[in-house]
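Worksheet: the structure to be examined is printed underneath.
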Amino acid sequence: MSGTVDQYGVVGHPVAHSLSPFIHAMFARQTGQAMSYRLFDFAPEVLEERITAFFTQGGRGLNITLPYKMAAVARADELTSRAQHAGAVNTLAMRKDGTILGDNTDGVGLTQDLCVNQRVIVTRRRVLVIGAGGAVRGVLAPLLALGPEVIVIANRTADRAKALAATFAQMGNVEGVGFRYIAGGPYDLVINATSASLTGEIPDVPVAVIGSDTFCYDMAYGKGDTPFVRWCVELGCRAAASGWGMLVEQAAESFRLWRGVRPLTGPVLAALTSS
Ligand code: ATR
């Protein structure tokens, strides 16, 4: 690959909207790392060969975004345990021995934002996770590792929630239910991991899950508050945050894997949310 600096990038389809080049450019400046980070929009039929070509031509690392996080598992020679649990890869890294490591930093991105930036306590707390798709699978292992009293996974399609809970049952107290059968409430922490926000919808969960001590988190993000964040605030929750912090923290973990240095996330988060 041409150029004198180490090459990185993000693969998606489409990918033009990705903020990762901005984030990693800020990280590189801040830490004094000489590297480039580009967007790669690969069509499904060429995904495998283009990723392989990137690395054989000297590329050092890739982020993988929608819709390829599961497909990218097959491009790794070895997976971290968190990528195995997630069943998905968002980071590929070329190692010194020429093999490619597949990692998933989404879950630790969420727990970093929750525990460090937002100062939310998960240990021995009751957590409600709404949704049962790939986004939830990606974060369950790191959340369960924090030792919550229980994680209730609630999904519009109850069977998906039950199946996901069964998969993670050996890692902690986790249950799967449909929206109508969410027991108890309010919860200490409610996380929206559905794609409902993308269409401006609110998942149809009982309002009793949110109380005045509940911290609410939307893994989605956008300009201003997301519909879910607005809804939680209207219900009188303690505080609510959208997923900007998770976005920046997962990027910082990828950066650390590639460059061996963890950048400060605060300045990047401020730049993204102030514009
Ligand atoms: P992702 O990888 O982003 O998790 P996914 O696997 O397609 O994407 O999962 C989308 C999730 O959002 C699912 O939990 C889906 O619920 P179903 O399993 O019942 O389809 C949830 N979802 C999408 N739109 C929703 C809506 N309007 N209300 C509630 N849940 C919704």
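In the structure tokens, each chain is lettered A, B, ... as it comes, each chain's residues begin at 1, and ligands are numbered from 1 in order of appearance.
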
Item to complete: Extract, using only C-alpha atoms, all DNA, RNA and protein residues at most 10 Å from range 245-251 of chain A, discarding same-chain residues fewer than 2 positions from it, and format them as a PyMOL selection string.
Response: chain A and resi 19-20+23-24+27+63+90-91+104-114+117-118+218-221+241-243+253-257+262-266+268-270+272-273

Sort by chain and increasing residue number a table of all residues of chain A within 9 Å of ligand 1, each with its closest pair of atoms and their distance in Å to one decimal, counting only C-alpha atoms and all ligand atoms, and write it as a tab-separated table.
```
residue	atom	partner	partner_atom_place_in_ligand_line	distance
A:Leu66	CA	ligand 1	2 (O)	8.0
A:Pro67	CA	ligand 1	2 (O)	8.2
A:Lys69	CA	ligand 1	2 (O)	8.8
A:Ile130	CA	ligand 1	14 (O)	7.1
A:Gly131	CA	ligand 1	14 (O)	3.5
A:Ala132	CA	ligand 1	14 (O)	4.0
A:Gly133	CA	ligand 1	6 (O)	3.3
A:Gly134	CA	ligand 1	2 (O)	3.6
A:Ala135	CA	ligand 1	4 (O)	3.8
A:Val136	CA	ligand 1	4 (O)	6.0
A:Arg137	CA	ligand 1	4 (O)	7.8
A:Gly138	CA	ligand 1	4 (O)	8.7
A:Ala154	CA	ligand 1	14 (O)	8.3
A:Asn155	CA	ligand 1	14 (O)	5.5
A:Arg156	CA	ligand 1	19 (O)	3.8
A:Thr157	CA	ligand 1	19 (O)	3.8
A:Ala158	CA	ligand 1	19 (O)	7.2
A:Asp159	CA	ligand 1	18 (O)	8.4
A:Arg160	CA	ligand 1	18 (O)	6.1
A:Ala161	CA	ligand 1	18 (O)	7.8
A:Gly178	CA	ligand 1	19 (O)	8.8
A:Phe179	CA	ligand 1	29 (C)	8.8
A:Asn192	CA	ligand 1	12 (O)	8.9
A:Ala193	CA	ligand 1	4 (O)	6.5
A:Thr194	CA	ligand 1	12 (O)	3.3
A:Ser195	CA	ligand 1	12 (O)	4.2
A:Ala196	CA	ligand 1	24 (N)	3.9
A:Ser197	CA	ligand 1	24 (N)	7.6
A:Leu198	CA	ligand 1	24 (N)	8.1
A:Thr199	CA	ligand 1	27 (N)	7.4
A:Gly200	CA	ligand 1	27 (N)	8.3
A:Glu201	CA	ligand 1	27 (N)	5.4
A:Ile202	CA	ligand 1	28 (N)	6.2
A:Pro203	CA	ligand 1	29 (C)	4.0
A:Asp204	CA	ligand 1	28 (N)	6.2
A:Val205	CA	ligand 1	29 (C)	8.4
```

Export of prior selection with N, CA and C atoms as a short mmCIF file (atom, residue, chain, number, x, y, z; two decimals), in the first residue's frame:
```cif
data_model
loop_
_atom_site.label_atom_id
_atom_site.label_comp_id
_atom_site.auth_asym_id
_atom_site.auth_seq_id
_atom_site.Cartn_x
_atom_site.Cartn_y
_atom_site.Cartn_z
N LEU A 66 -21.99 -1.55 10.10
CA LEU A 66 -23.14 -2.19 9.48
C LEU A 66 -22.98 -2.21 7.95
N PRO A 67 -23.36 -3.27 7.30
CA PRO A 67 -24.02 -4.47 7.84
C PRO A 67 -23.07 -5.66 7.99
N LYS A 69 -20.72 -6.61 10.53
CA LYS A 69 -20.06 -7.01 11.77
C LYS A 69 -20.04 -8.53 11.97
N ILE A 130 -33.59 -3.09 26.26
CA ILE A 130 -34.69 -3.20 25.30
C ILE A 130 -34.12 -3.49 23.93
N GLY A 131 -34.58 -4.62 23.33
CA GLY A 131 -34.06 -5.06 22.04
C GLY A 131 -33.37 -6.39 22.18
N ALA A 132 -33.24 -7.13 21.09
CA ALA A 132 -32.58 -8.43 21.16
C ALA A 132 -31.84 -8.74 19.86
N GLY A 133 -31.39 -7.68 19.18
CA GLY A 133 -30.66 -7.87 17.94
C GLY A 133 -29.15 -7.91 18.17
N GLY A 134 -28.42 -7.69 17.10
CA GLY A 134 -26.96 -7.75 17.17
C GLY A 134 -26.38 -6.73 18.14
N ALA A 135 -27.03 -5.57 18.25
CA ALA A 135 -26.51 -4.54 19.15
C ALA A 135 -26.53 -5.01 20.60
N VAL A 136 -27.57 -5.77 20.97
CA VAL A 136 -27.67 -6.29 22.34
C VAL A 136 -26.66 -7.41 22.55
N ARG A 137 -26.59 -8.32 21.60
CA ARG A 137 -25.63 -9.43 21.72
C ARG A 137 -24.22 -8.90 21.94
N GLY A 138 -23.91 -7.77 21.32
CA GLY A 138 -22.57 -7.19 21.41
C GLY A 138 -22.23 -6.64 22.78
N ALA A 154 -35.82 -7.25 27.12
CA ALA A 154 -37.21 -7.18 26.65
C ALA A 154 -37.21 -6.87 25.16
N ASN A 155 -37.96 -7.65 24.43
CA ASN A 155 -38.00 -7.43 22.98
C ASN A 155 -39.41 -7.54 22.46
N ARG A 156 -39.68 -6.74 21.40
CA ARG A 156 -40.99 -6.80 20.74
C ARG A 156 -41.32 -8.25 20.38
N THR A 157 -40.36 -8.95 19.83
CA THR A 157 -40.51 -10.38 19.54
C THR A 157 -39.90 -11.15 20.72
N ALA A 158 -40.77 -11.65 21.60
CA ALA A 158 -40.30 -12.22 22.87
C ALA A 158 -39.32 -13.37 22.67
N ASP A 159 -39.56 -14.20 21.66
CA ASP A 159 -38.71 -15.38 21.48
C ASP A 159 -37.24 -15.02 21.26
N ARG A 160 -37.00 -13.91 20.58
CA ARG A 160 -35.60 -13.50 20.36
C ARG A 160 -34.94 -13.13 21.68
N ALA A 161 -35.70 -12.48 22.57
CA ALA A 161 -35.17 -12.10 23.89
C ALA A 161 -34.87 -13.34 24.71
N GLY A 178 -41.15 -10.62 26.56
CA GLY A 178 -41.80 -9.70 25.63
C GLY A 178 -42.13 -8.41 26.36
N PHE A 179 -42.45 -7.35 25.63
CA PHE A 179 -42.69 -6.04 26.25
C PHE A 179 -43.79 -6.08 27.32
N ASN A 192 -31.85 1.41 25.77
CA ASN A 192 -32.55 1.15 24.52
C ASN A 192 -31.54 0.73 23.46
N ALA A 193 -31.64 -0.52 23.02
CA ALA A 193 -30.74 -1.03 21.98
C ALA A 193 -31.54 -1.50 20.78
N THR A 194 -32.75 -0.97 20.62
CA THR A 194 -33.54 -1.29 19.43
C THR A 194 -33.16 -0.31 18.32
N SER A 195 -33.59 -0.67 17.12
CA SER A 195 -33.38 0.26 16.00
C SER A 195 -34.60 1.17 15.84
N ALA A 196 -35.49 1.19 16.84
CA ALA A 196 -36.71 2.00 16.76
C ALA A 196 -36.39 3.48 16.57
N SER A 197 -35.30 3.94 17.19
CA SER A 197 -34.93 5.36 17.09
C SER A 197 -34.71 5.81 15.65
N LEU A 198 -34.25 4.87 14.83
CA LEU A 198 -33.92 5.22 13.45
C LEU A 198 -35.15 5.72 12.71
N THR A 199 -36.33 5.24 13.13
CA THR A 199 -37.57 5.68 12.48
C THR A 199 -38.35 6.62 13.41
N GLY A 200 -37.68 7.10 14.45
CA GLY A 200 -38.32 8.07 15.34
C GLY A 200 -39.33 7.44 16.28
N GLU A 201 -39.31 6.11 16.40
CA GLU A 201 -40.29 5.44 17.28
C GLU A 201 -39.71 5.19 18.67
N ILE A 202 -40.63 4.98 19.61
CA ILE A 202 -40.25 4.60 20.98
C ILE A 202 -40.68 3.15 21.17
N PRO A 203 -39.80 2.27 21.68
CA PRO A 203 -40.26 0.90 21.94
C PRO A 203 -41.43 0.92 22.93
N ASP A 204 -42.39 0.05 22.68
CA ASP A 204 -43.67 0.10 23.40
C ASP A 204 -43.60 -0.62 24.75
N VAL A 205 -42.70 -0.16 25.62
CA VAL A 205 -42.54 -0.79 26.95
C VAL A 205 -43.40 -0.03 27.97
#
```

Practice prompt. Could you give me, as a VMD selection string, each residue of range 58-268 of chain A that DSSP assigns to strand (DSSP E) when run on this structure's backbone?
Written response: chain A and resid 61 to 64 78 to 79 91 to 94 100 to 103 126 to 130 150 to 155 174 to 178 189 to 192 215 to 218 239 to 241

Fill in: Counting only C-alpha atoms, the residue of A:Thr52, A:Gln57, A:Thr4, A:Thr214 that sits nearest Arg75 in chain A
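Between A:Thr52, A:Gln57, A:Thr4, A:Thr214, the residue approaching Arg75 in chain A most closely is A:Thr52.
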
Worksheet, complete the sentence: As a check of understanding: the span from CA of Met94 in chain A to CA of Gly61 in chain A is 5.9 Å
